[in-house]
file structure.cif (mmCIF, C-alpha atoms)
data_my_file
loop_
_atom_site.label_atom_id
_atom_site.label_comp_id
_atom_site.auth_asym_id
_atom_site.auth_seq_id
_atom_site.Cartn_x
_atom_site.Cartn_y
_atom_site.Cartn_z
CA MET A 1 42.36 65.98 -3.18
CA LYS A 2 43.57 65.79 0.40
CA ILE A 3 43.39 62.38 1.96
CA LYS A 4 43.56 62.03 5.70
CA LEU A 5 45.01 58.67 6.71
CA ASP A 6 43.31 57.41 9.81
CA LEU A 7 42.63 53.96 11.25
CA ARG A 8 39.34 53.68 9.40
CA LEU A 9 40.94 54.45 6.05
CA TRP A 10 43.77 51.98 6.70
CA LEU A 11 41.22 49.29 7.58
CA THR A 12 39.29 50.11 4.41
CA ILE A 13 42.41 49.90 2.24
CA ALA A 14 43.42 46.61 3.89
CA SER A 15 39.91 45.19 3.37
CA ILE A 16 39.96 46.17 -0.28
CA VAL A 17 43.43 44.74 -0.93
CA VAL A 18 42.79 41.45 0.88
CA GLY A 19 39.30 41.19 -0.61
CA LEU A 20 40.53 41.67 -4.16
CA ALA A 21 43.34 39.15 -3.61
CA TYR A 22 40.83 36.63 -2.27
CA ALA A 23 38.44 37.24 -5.14
CA ILE A 24 41.19 36.84 -7.73
CA ILE A 25 42.42 33.60 -6.17
CA ILE A 26 39.01 31.96 -5.88
CA LEU A 27 38.23 32.86 -9.46
CA THR A 28 41.56 31.53 -10.77
CA PRO A 29 41.17 27.95 -11.96
CA LYS A 30 43.50 25.72 -9.98
CA TYR A 31 45.01 24.17 -13.08
CA TRP A 32 46.21 27.59 -14.26
CA LEU A 33 48.49 27.67 -11.24
CA GLY A 34 49.89 24.27 -12.06
CA ASP A 35 49.45 21.01 -10.20
CA ASP A 36 52.49 21.68 -8.03
CA LEU A 37 50.90 24.82 -6.69
CA GLY A 38 47.58 23.14 -5.94
CA TYR A 39 48.25 22.84 -2.23
CA GLY A 40 49.73 26.30 -2.01
CA TRP A 41 46.66 27.71 -3.68
CA MET A 42 44.34 26.11 -1.13
CA ASP A 43 46.56 27.20 1.76
CA THR A 44 46.75 30.79 0.56
CA MET A 45 43.02 30.94 0.02
CA GLY A 46 42.40 29.54 3.48
CA ARG A 47 44.67 32.11 5.12
CA LEU A 48 43.09 34.96 3.19
CA HIS A 49 39.64 33.68 4.13
CA GLN A 50 40.62 33.70 7.83
CA LEU A 51 41.94 37.23 7.46
CA LEU A 52 39.32 38.76 5.23
CA PHE A 53 36.08 38.40 7.12
CA PRO A 54 37.39 39.55 10.53
CA LEU A 55 38.98 42.48 8.66
CA LEU A 56 35.68 43.34 6.99
CA PHE A 57 33.95 43.08 10.36
CA ALA A 58 36.52 45.37 12.00
CA THR A 59 36.17 47.86 9.14
CA LEU A 60 32.41 47.84 9.50
CA LEU A 61 32.74 48.49 13.24
CA SER A 62 35.05 51.44 12.55
CA TYR A 63 32.31 52.90 10.33
CA ILE A 64 29.57 52.27 12.86
CA PHE A 65 31.37 53.76 15.84
CA GLY A 66 33.68 56.24 14.13
CA ARG A 67 32.90 59.89 13.52
CA SER A 68 32.15 61.21 10.07
CA ASN A 69 33.86 64.12 8.35
CA ASN A 70 30.62 65.69 7.24
CA LYS A 71 31.50 66.60 3.67
CA ILE A 72 28.92 66.44 0.91
CA LEU A 73 30.03 64.79 -2.30
CA THR A 74 31.99 67.40 -4.26
CA LYS A 75 31.65 67.81 -7.99
CA PRO A 76 34.98 66.22 -9.05
CA HIS A 77 33.99 63.01 -7.27
CA LYS A 78 30.40 62.93 -8.41
CA ASN A 79 30.95 60.82 -11.54
CA LEU A 80 33.20 58.45 -9.65
CA GLY A 81 30.58 58.17 -6.93
CA ARG A 82 27.85 57.38 -9.43
CA THR A 83 30.02 54.76 -11.11
CA LEU A 84 30.79 53.11 -7.78
CA ALA A 85 27.13 53.20 -6.80
CA GLY A 86 26.11 51.56 -10.08
CA LEU A 87 28.78 48.90 -9.75
CA ALA A 88 27.78 48.22 -6.15
CA VAL A 89 24.16 47.61 -7.15
CA LEU A 90 25.14 45.39 -10.07
CA THR A 91 27.54 43.26 -8.04
CA ILE A 92 25.06 42.88 -5.17
CA ILE A 93 22.34 41.72 -7.53
CA GLY A 94 24.77 39.56 -9.50
CA SER A 95 26.15 37.92 -6.37
CA TYR A 96 22.67 37.02 -5.16
CA ILE A 97 21.48 35.66 -8.51
CA ILE A 98 24.61 33.61 -9.21
CA THR A 99 24.68 32.16 -5.69
CA ALA A 100 20.98 31.34 -5.96
CA VAL A 101 21.64 29.55 -9.25
CA SER A 102 24.53 27.58 -7.71
CA VAL A 103 22.19 26.19 -5.05
CA HIS A 104 20.25 24.38 -7.75
CA ILE A 105 23.32 22.95 -9.52
CA SER A 106 24.19 19.42 -8.56
CA VAL A 107 27.80 18.51 -7.80
CA MET A 108 27.38 15.70 -10.33
CA ASP A 109 26.33 18.12 -13.09
CA GLU A 110 28.81 17.79 -15.93
CA THR A 111 27.56 20.75 -17.95
CA ARG A 112 27.89 23.37 -15.21
CA ASN A 113 30.48 23.60 -12.46
CA LYS A 114 28.72 24.28 -9.16
CA PHE A 115 31.86 25.58 -7.48
CA VAL A 116 32.59 28.06 -10.26
CA PHE A 117 29.17 29.57 -9.71
CA GLU A 118 29.65 29.63 -5.93
CA ASN A 119 33.09 31.21 -6.18
CA THR A 120 31.85 33.77 -8.66
CA GLY A 121 29.00 34.67 -6.34
CA THR A 122 31.48 35.07 -3.45
CA ALA A 123 33.81 37.15 -5.60
CA LEU A 124 30.97 39.46 -6.59
CA LEU A 125 30.00 39.76 -2.92
CA ILE A 126 33.52 40.87 -2.05
CA ALA A 127 33.55 43.24 -5.01
CA SER A 128 30.30 44.79 -3.80
CA TYR A 129 31.90 45.30 -0.36
CA VAL A 130 34.84 47.04 -2.04
CA PHE A 131 32.63 49.35 -4.09
CA VAL A 132 30.46 50.28 -1.12
CA LEU A 133 33.47 50.95 1.13
CA LEU A 134 35.04 53.16 -1.56
CA LEU A 135 31.77 55.01 -2.05
CA LEU A 136 31.36 55.59 1.69
CA ASN A 137 34.85 57.05 1.86
CA ILE A 138 34.43 59.30 -1.16
CA GLN A 139 31.29 60.71 0.36
CA LYS A 140 32.97 60.75 3.78
CA PHE A 141 29.95 58.60 4.70
CA VAL A 142 27.74 61.62 5.22
CA TYR A 143 24.78 59.39 4.45
CA TRP A 144 25.81 56.60 6.78
CA PRO A 145 22.63 56.07 8.80
CA LEU A 146 24.33 55.42 12.13
CA TRP A 147 25.78 58.90 12.65
CA SER A 148 26.12 59.91 16.20
CA ARG A 149 23.87 62.76 17.28
CA LYS A 150 26.89 64.92 17.87
CA ASP A 151 27.98 64.56 14.25
CA ARG A 152 24.48 65.32 13.01
CA SER A 153 24.55 68.64 14.84
CA THR A 154 27.61 69.77 12.87
CA ALA A 155 25.79 69.53 9.53
CA ASP A 156 24.47 72.84 8.20
CA GLU A 157 20.86 73.32 7.13
CA ARG A 158 21.46 72.52 3.46
CA GLN A 159 23.30 69.33 4.32
CA LEU A 160 20.45 68.30 6.62
CA VAL A 161 17.94 68.92 3.81
CA VAL A 162 19.97 66.70 1.48
CA ARG A 163 20.38 64.02 4.15
CA ASN A 164 16.67 64.01 4.95
CA ARG A 165 15.79 63.63 1.28
CA VAL A 166 18.35 60.86 0.86
CA PHE A 167 17.05 58.95 3.87
CA GLU A 168 13.48 59.36 2.70
CA LYS A 169 14.34 57.77 -0.64
CA THR A 170 16.56 55.14 0.97
CA TYR A 171 13.80 54.09 3.33
CA ARG A 172 11.40 53.64 0.40
CA TYR A 173 13.94 51.55 -1.47
CA ILE A 174 14.57 49.38 1.61
CA VAL A 175 10.86 48.71 2.03
CA ALA A 176 10.54 47.82 -1.65
CA ILE A 177 13.61 45.55 -1.61
CA VAL A 178 12.54 43.69 1.53
CA ALA A 179 9.00 43.30 0.19
CA ILE A 180 10.20 41.99 -3.18
CA TYR A 181 12.74 39.69 -1.51
CA TRP A 182 10.17 38.03 0.66
CA VAL A 183 7.69 37.72 -2.18
CA VAL A 184 10.14 36.00 -4.52
CA ASN A 185 12.07 34.14 -1.81
CA PRO A 186 12.29 30.53 -3.03
CA LYS A 187 11.75 29.22 0.50
CA ILE A 188 8.42 30.99 0.69
CA ILE A 189 7.33 29.99 -2.80
CA ASN A 190 8.27 26.33 -2.43
CA THR A 191 6.76 25.70 0.99
CA SER A 192 3.11 25.27 1.71
CA PHE A 193 1.26 28.27 2.99
CA ASP A 194 1.80 27.47 6.63
CA PRO A 195 1.72 30.57 8.83
CA SER A 196 3.43 28.73 11.65
CA ARG A 197 6.72 28.60 9.75
CA LEU A 198 9.20 31.10 11.13
CA GLU A 199 10.38 32.21 7.72
CA LEU A 200 6.89 33.13 6.63
CA ILE A 201 6.13 34.99 9.83
CA SER A 202 9.48 36.80 9.81
CA GLY A 203 9.01 37.93 6.25
CA TYR A 204 5.54 39.31 6.75
CA LEU A 205 6.57 40.97 10.03
CA ALA A 206 9.57 42.59 8.37
CA VAL A 207 7.48 44.06 5.56
CA LEU A 208 4.79 45.18 8.00
CA LEU A 209 7.29 46.80 10.32
CA LEU A 210 9.09 48.64 7.56
CA THR A 211 5.82 49.87 6.07
CA GLY A 212 4.36 51.04 9.34
CA LEU A 213 7.48 52.03 11.29
CA SER A 214 7.53 55.60 10.03
CA SER A 215 3.92 56.09 11.13
CA ILE A 216 4.69 54.52 14.51
CA VAL A 217 7.59 56.93 15.02
CA ALA A 218 5.54 59.89 13.76
CA ALA A 219 2.80 59.12 16.29
CA TRP A 220 5.25 59.92 19.06
CA GLN A 221 6.51 63.17 17.52
CA LYS A 222 5.35 66.33 19.27
CA ASP A 223 4.68 68.27 16.08
CA SER A 224 3.21 65.55 13.85
CA MET B 1 23.74 70.62 -11.49
CA LEU B 2 22.76 69.42 -8.04
CA CYS B 3 19.46 70.97 -7.10
CA ILE B 4 18.33 70.86 -3.53
CA ARG B 5 15.15 72.81 -3.45
CA ASN B 6 13.61 72.68 -0.04
CA ASN B 7 10.07 73.01 -1.28
CA VAL B 8 10.01 76.82 -1.52
CA ASP B 9 9.96 79.09 -4.57
CA MET B 10 13.34 80.30 -5.66
CA ILE B 11 14.78 83.18 -3.64
CA HIS B 12 16.96 85.57 -5.63
CA ASN B 13 20.06 87.08 -4.10
CA ARG B 14 22.95 89.40 -4.74
CA ILE B 15 25.51 87.59 -2.67
CA ALA B 16 27.96 87.14 -5.55
CA VAL B 17 27.96 90.87 -6.32
CA LEU B 18 28.22 91.87 -2.69
CA ARG B 19 31.00 89.37 -2.13
CA THR B 20 32.99 90.82 -5.00
CA GLU B 21 32.50 94.37 -3.77
CA SER B 22 33.48 93.55 -0.22
CA GLY B 23 36.35 91.26 -1.19
CA LEU B 24 35.03 88.37 0.83
CA SER B 25 35.40 84.76 -0.21
CA ARG B 26 32.72 82.10 0.18
CA GLN B 27 34.77 80.61 2.97
CA ASN B 28 34.82 83.98 4.80
CA ILE B 29 31.05 84.23 4.63
CA ALA B 30 30.60 80.57 5.52
CA ASP B 31 32.78 80.95 8.61
CA ALA B 32 30.89 84.08 9.63
CA VAL B 33 27.47 82.46 9.41
CA GLY B 34 28.46 78.94 10.45
CA VAL B 35 27.77 76.86 7.35
CA ASN B 36 29.81 74.87 4.86
CA TYR B 37 31.34 77.04 2.09
CA GLN B 38 29.62 74.88 -0.53
CA THR B 39 26.28 75.94 0.92
CA ILE B 40 27.14 79.59 0.14
CA GLY B 41 27.84 78.54 -3.43
CA PHE B 42 24.52 76.72 -3.73
CA ILE B 43 22.72 79.80 -2.37
CA GLU B 44 24.50 82.12 -4.81
CA ARG B 45 23.51 79.98 -7.78
CA GLY B 46 19.93 79.77 -6.57
CA ASP B 47 20.13 76.02 -6.10
CA TYR B 48 19.26 76.31 -2.44
CA SER B 49 16.98 78.76 -0.63
CA PRO B 50 18.31 79.59 2.85
CA SER B 51 16.20 79.59 5.95
CA LEU B 52 15.12 82.95 7.35
CA GLU B 53 17.68 82.67 10.12
CA LEU B 54 20.52 82.02 7.70
CA ALA B 55 19.36 84.81 5.38
CA PHE B 56 19.44 87.30 8.26
CA LYS B 57 22.92 86.15 9.23
CA ILE B 58 24.19 86.59 5.67
CA ALA B 59 22.67 90.06 5.41
CA GLU B 60 24.33 90.95 8.69
CA VAL B 61 27.73 89.99 7.28
CA PHE B 62 27.32 92.65 4.58
CA LYS B 63 25.74 95.07 7.07
CA LEU B 64 22.68 95.41 4.85
CA GLU B 65 18.97 94.84 5.24
CA ILE B 66 17.77 91.39 4.31
CA THR B 67 15.70 92.78 1.43
CA ASP B 68 18.88 94.31 -0.02
CA VAL B 69 20.44 90.87 -0.25
CA PHE B 70 17.46 88.57 -0.89
CA ASN B 71 14.24 88.98 -2.83
CA ASP B 72 11.52 86.74 -4.16
CA GLN B 73 11.71 88.61 -7.48
CA PRO B 74 14.83 88.96 -9.62
CA PHE B 75 16.86 92.04 -8.78
CA LYS B 76 16.74 94.72 -11.48
CA PRO B 77 20.11 95.98 -12.69
CA LEU B 78 20.94 99.41 -11.25
CA ILE B 79 21.14 100.88 -14.74
CA GLU B 80 17.51 100.03 -15.39
CA ARG B 81 16.49 101.58 -12.07
CA LYS B 82 18.00 104.94 -13.01
CA LYS B 83 16.05 104.97 -16.24
#

call {"tool": "encode", "arguments": {"input": "structure.cif", "output": "structure tokens"}}
result
Amino acid sequence: MKIKLDLRLWLTIASIVVGLAYAIIILTPKYWLGDDLGYGWMDTMGRLHQLLFPLLFATLLSYIFGRSNNKILTKPHKNLGRTLAGLAVLTIIGSYIITAVSVHISVMDETRNKFVFENTGTALLIASYVFVLLLLNIQKFVYWPLWSRKDRSTADERQLVVRNRVFEKTYRYIVAIVAIYWVVNPKIINTSFDPSRLELISGYLAVLLLTGLSSIVAAWQKDS
Amino acid sequence: MLCIRNNVDMIHNRIAVLRTESGLSRQNIADAVGVNYQTIGFIERGDYSPSLELAFKIAEVFKLEITDVFNDQPFKPLIERKK
């Protein structure tokens, strides 16, 4: 497997390394590191925190504005890709659920440690970033939705058929996820049914837009 | 096996046989017609049906008629034809 080292790949590797280090440190109980290292632990975590999120942002920008290599997932990588995809979904869902649970844990709760839940949720979030970045690179982000038009023109007809089918499915999943999110969103459930609240309006508008956007776009197509 | 039917019935082809006879690799054909070499593989296995334009281009590579390379029915072995 030939690997071309470019800026985007270096940023991805750096994000993964720093992210994993950060996740490991926030999950490590302070007392394991010894009382003497307590301050050092906090300092290291703080520095990694300052480094990690700008690094993730820079990596994301390199994906948004960089060119793709236009290679469909090859057979040897298919199982790895499926594993990464499964792990990404699990860690995204896990991160959300655990963080949501931590919101309802009081700092005074003696049976459950609020910060353990929060840190675990953050660690899972970083892990999901790692899995998605790895998956994008294995697939040479052929399915990255922000391809430039120039890159799209280099795909052959079979690749375009695959891409179109992938985006069709992805769009359906996005609509379903947004709809479910806004239906089960605790803020919506716990507040009174007041249509003037921005959260309520935003949620309904998002679902409406996603449901109807394809028809809006189709209405302007010459051959629809 | 990845299957990427583009909503048409399967189109049969003799690309593998013709490739062997002419000594061309999938990459050679892919370069000649302007597609990814994996696409040639998918076409050979019947996992993807090419567009008319691509089918004409592939037939042109072998200097044959399109019906000599592609068919909507399975190609009969030459031995059976002589019988």

call {"tool": "closest_atom_pairs", "arguments": {"input": "structure.cif", "of": "chain A", "to": "chain B", "cutoff": "7 Å", "atoms": "only C-alpha atoms", "output": "CSV"}}
result
residue,atom,partner,partner_atom,distance
A:Asp156,CA,B:Val35,CA,5.3
A:Arg158,CA,B:Thr39,CA,6.4
A:Val161,CA,B:Asn6,CA,6.9
A:Val162,CA,B:Ile4,CA,6.7

call {"tool": "atom_distance", "arguments": {"input": "structure.cif", "atom1": "atom CA of A:Ala155", "atom2": "atom CA of B:Tyr37"}}
result
11.9 Å

call {"tool": "residues_around", "arguments": {"input": "structure.cif", "residues": "B:Ala55", "least_positions_apart": "3", "cutoff": "10 Å", "atoms": "all atoms listed in the file", "output": "PDB file with C-alpha atoms, in the frame of the given file"}}
result
ATOM      1  CA  ASN B  13      20.060  87.080  -4.100  1.00  0.00           C
ATOM      2  CA  VAL B  33      27.470  82.460   9.410  1.00  0.00           C
ATOM      3  CA  ILE B  43      22.720  79.800  -2.370  1.00  0.00           C
ATOM      4  CA  SER B  49      16.980  78.760  -0.630  1.00  0.00           C
ATOM      5  CA  PRO B  50      18.310  79.590   2.850  1.00  0.00           C
ATOM      6  CA  SER B  51      16.200  79.590   5.950  1.00  0.00           C
ATOM      7  CA  LEU B  52      15.120  82.950   7.350  1.00  0.00           C
ATOM      8  CA  ILE B  58      24.190  86.590   5.670  1.00  0.00           C
ATOM      9  CA  ALA B  59      22.670  90.060   5.410  1.00  0.00           C
ATOM     10  CA  GLU B  60      24.330  90.950   8.690  1.00  0.00           C
ATOM     11  CA  ILE B  66      17.770  91.390   4.310  1.00  0.00           C
ATOM     12  CA  THR B  67      15.700  92.780   1.430  1.00  0.00           C
ATOM     13  CA  VAL B  69      20.440  90.870  -0.250  1.00  0.00           C
ATOM     14  CA  PHE B  70      17.460  88.570  -0.890  1.00  0.00           C
TER      15      PHE B  70
END

call {"tool": "atom_distance", "arguments": {"input": "structure.cif", "atom1": "atom CA of B:Asp31", "atom2": "atom CA of A:Asn79"}}
result
28.5 Å

call {"tool": "atom_distance", "arguments": {"input": "structure.cif", "atom1": "atom CA of A:Ile177", "atom2": "atom CA of A:Phe131"}}
result
19.6 Å

call {"tool": "closest_residue", "arguments": {"input": "structure.cif", "among": "B:Glu53, B:Asp72, B:His12, B:Glu44", "to": "B:Arg26", "atoms": "only C-alpha atoms"}}
result
B:Glu44

call {"tool": "resolve_selection", "arguments": {"input": "structure.cif", "expression": "the PyMOL selection byres ((chain A and resi 9) around 10)", "output": "ChimeraX atom specification"}}
result
/A:3-8,10-15,59,62-63,133-134,137

call {"tool": "write_last_selection", "arguments": {"input": "structure.cif", "atoms": "C-alpha atoms", "output": "mmCIF file, keeping the file's coordinate frame"}}
result
data_model
loop_
_atom_site.group_PDB
_atom_site.id
_atom_site.type_symbol
_atom_site.label_atom_id
_atom_site.label_comp_id
_atom_site.auth_asym_id
_atom_site.auth_seq_id
_atom_site.Cartn_x
_atom_site.Cartn_y
_atom_site.Cartn_z
ATOM 1 C CA ILE A 3 43.390 62.380 1.960
ATOM 2 C CA LYS A 4 43.560 62.030 5.700
ATOM 3 C CA LEU A 5 45.010 58.670 6.710
ATOM 4 C CA ASP A 6 43.310 57.410 9.810
ATOM 5 C CA LEU A 7 42.630 53.960 11.250
ATOM 6 C CA ARG A 8 39.340 53.680 9.400
ATOM 7 C CA TRP A 10 43.770 51.980 6.700
ATOM 8 C CA LEU A 11 41.220 49.290 7.580
ATOM 9 C CA THR A 12 39.290 50.110 4.410
ATOM 10 C CA ILE A 13 42.410 49.900 2.240
ATOM 11 C CA ALA A 14 43.420 46.610 3.890
ATOM 12 C CA SER A 15 39.910 45.190 3.370
ATOM 13 C CA THR A 59 36.170 47.860 9.140
ATOM 14 C CA SER A 62 35.050 51.440 12.550
ATOM 15 C CA TYR A 63 32.310 52.900 10.330
ATOM 16 C CA LEU A 133 33.470 50.950 1.130
ATOM 17 C CA LEU A 134 35.040 53.160 -1.560
ATOM 18 C CA ASN A 137 34.850 57.050 1.860
#

call {"tool": "axis_aligned_box", "arguments": {"input": "structure.cif", "around": "stretch 60-71 of chain B", "padding_each_side": "5 Å", "output": "JSON"}}
result
{"center_x": 21.0, "center_y": 92.0, "center_z": 2.9, "size_x": 23.5, "size_y": 16.8, "size_z": 21.5}

call {"tool": "residues_around", "arguments": {"input": "structure.cif", "residues": "stretch 103-105 of chain A", "least_positions_apart": "2", "cutoff": "6 Å", "atoms": "all atoms listed in the file", "output": "PDB file with C-alpha atoms, keeping the file's coordinate frame"}}
result
ATOM      1  CA  ALA A 100      20.980  31.340  -5.960  1.00  0.00           C
ATOM      2  CA  VAL A 101      21.640  29.550  -9.250  1.00  0.00           C
ATOM      3  CA  LYS A 114      28.720  24.280  -9.160  1.00  0.00           C
TER       4      LYS A 114
END

call {"tool": "build_atoms", "arguments": {"input": "structure.cif", "residues": "stretch 39-49 of chain B", "atoms": "all heavy atoms", "output": "compact mmCIF listing (two decimals), in the coordinates of the input"}}
result
# COMPACT_ATOMS: atom_id res chain seq x y z
N THR B 39 27.66 75.47 0.76
CA THR B 39 26.28 75.94 0.92
C THR B 39 26.15 77.37 0.40
O THR B 39 25.14 77.72 -0.23
CB THR B 39 25.88 75.87 2.40
OG1 THR B 39 25.98 74.51 2.84
CG2 THR B 39 24.47 76.38 2.63
N ILE B 40 27.17 78.21 0.65
CA ILE B 40 27.14 79.59 0.14
C ILE B 40 27.09 79.56 -1.39
O ILE B 40 26.36 80.33 -2.02
CB ILE B 40 28.38 80.37 0.62
CG1 ILE B 40 28.43 80.41 2.15
CG2 ILE B 40 28.36 81.79 0.05
CD1 ILE B 40 27.25 81.08 2.81
N GLY B 41 27.85 78.66 -1.98
CA GLY B 41 27.84 78.54 -3.43
C GLY B 41 26.48 78.13 -3.96
O GLY B 41 25.99 78.66 -4.96
N PHE B 42 25.86 77.17 -3.30
CA PHE B 42 24.52 76.72 -3.73
C PHE B 42 23.51 77.87 -3.61
O PHE B 42 22.63 78.02 -4.47
CB PHE B 42 24.05 75.55 -2.86
CG PHE B 42 24.62 74.22 -3.29
CD1 PHE B 42 25.55 73.57 -2.50
CD2 PHE B 42 24.21 73.63 -4.47
CE1 PHE B 42 26.08 72.34 -2.90
CE2 PHE B 42 24.74 72.41 -4.86
CZ PHE B 42 25.68 71.77 -4.07
N ILE B 43 23.64 78.67 -2.55
CA ILE B 43 22.72 79.80 -2.37
C ILE B 43 22.92 80.82 -3.48
O ILE B 43 21.98 81.33 -4.07
CB ILE B 43 22.91 80.44 -0.98
CG1 ILE B 43 22.53 79.45 0.12
CG2 ILE B 43 22.06 81.71 -0.85
CD1 ILE B 43 22.86 79.95 1.53
N GLU B 44 24.18 81.14 -3.76
CA GLU B 44 24.50 82.12 -4.81
C GLU B 44 23.91 81.72 -6.15
O GLU B 44 23.36 82.55 -6.88
CB GLU B 44 26.02 82.22 -4.98
CG GLU B 44 26.70 83.12 -3.99
CD GLU B 44 28.18 83.28 -4.31
OE1 GLU B 44 28.58 82.93 -5.43
OE2 GLU B 44 28.90 83.77 -3.43
N ARG B 45 23.99 80.45 -6.47
CA ARG B 45 23.51 79.98 -7.78
C ARG B 45 22.00 79.79 -7.80
O ARG B 45 21.43 79.45 -8.83
CB ARG B 45 24.19 78.65 -8.14
CG ARG B 45 25.66 78.78 -8.43
CD ARG B 45 26.22 77.46 -8.98
NE ARG B 45 26.10 76.38 -8.02
CZ ARG B 45 27.01 76.10 -7.10
NH1 ARG B 45 28.10 76.83 -7.01
NH2 ARG B 45 26.85 75.10 -6.26
N GLY B 46 21.37 79.95 -6.64
CA GLY B 46 19.93 79.77 -6.57
C GLY B 46 19.52 78.31 -6.49
O GLY B 46 18.35 77.98 -6.66
N ASP B 47 20.47 77.43 -6.20
CA ASP B 47 20.13 76.02 -6.10
C ASP B 47 19.65 75.65 -4.71
O ASP B 47 19.24 74.51 -4.48
CB ASP B 47 21.36 75.16 -6.45
CG ASP B 47 21.66 75.21 -7.94
OD1 ASP B 47 20.71 75.45 -8.72
OD2 ASP B 47 22.82 75.03 -8.33
N TYR B 48 19.75 76.57 -3.78
CA TYR B 48 19.26 76.31 -2.44
C TYR B 48 18.74 77.62 -1.86
O TYR B 48 19.39 78.65 -1.94
CB TYR B 48 20.36 75.73 -1.54
CG TYR B 48 19.93 75.55 -0.11
CD1 TYR B 48 19.03 74.54 0.24
CD2 TYR B 48 20.39 76.39 0.89
CE1 TYR B 48 18.61 74.39 1.54
CE2 TYR B 48 19.97 76.24 2.20
CZ TYR B 48 19.07 75.24 2.52
OH TYR B 48 18.65 75.09 3.81
N SER B 49 17.55 77.58 -1.26
CA SER B 49 16.98 78.76 -0.63
C SER B 49 17.24 78.68 0.86
O SER B 49 16.81 77.73 1.52
CB SER B 49 15.47 78.82 -0.88
OG SER B 49 15.22 79.01 -2.26
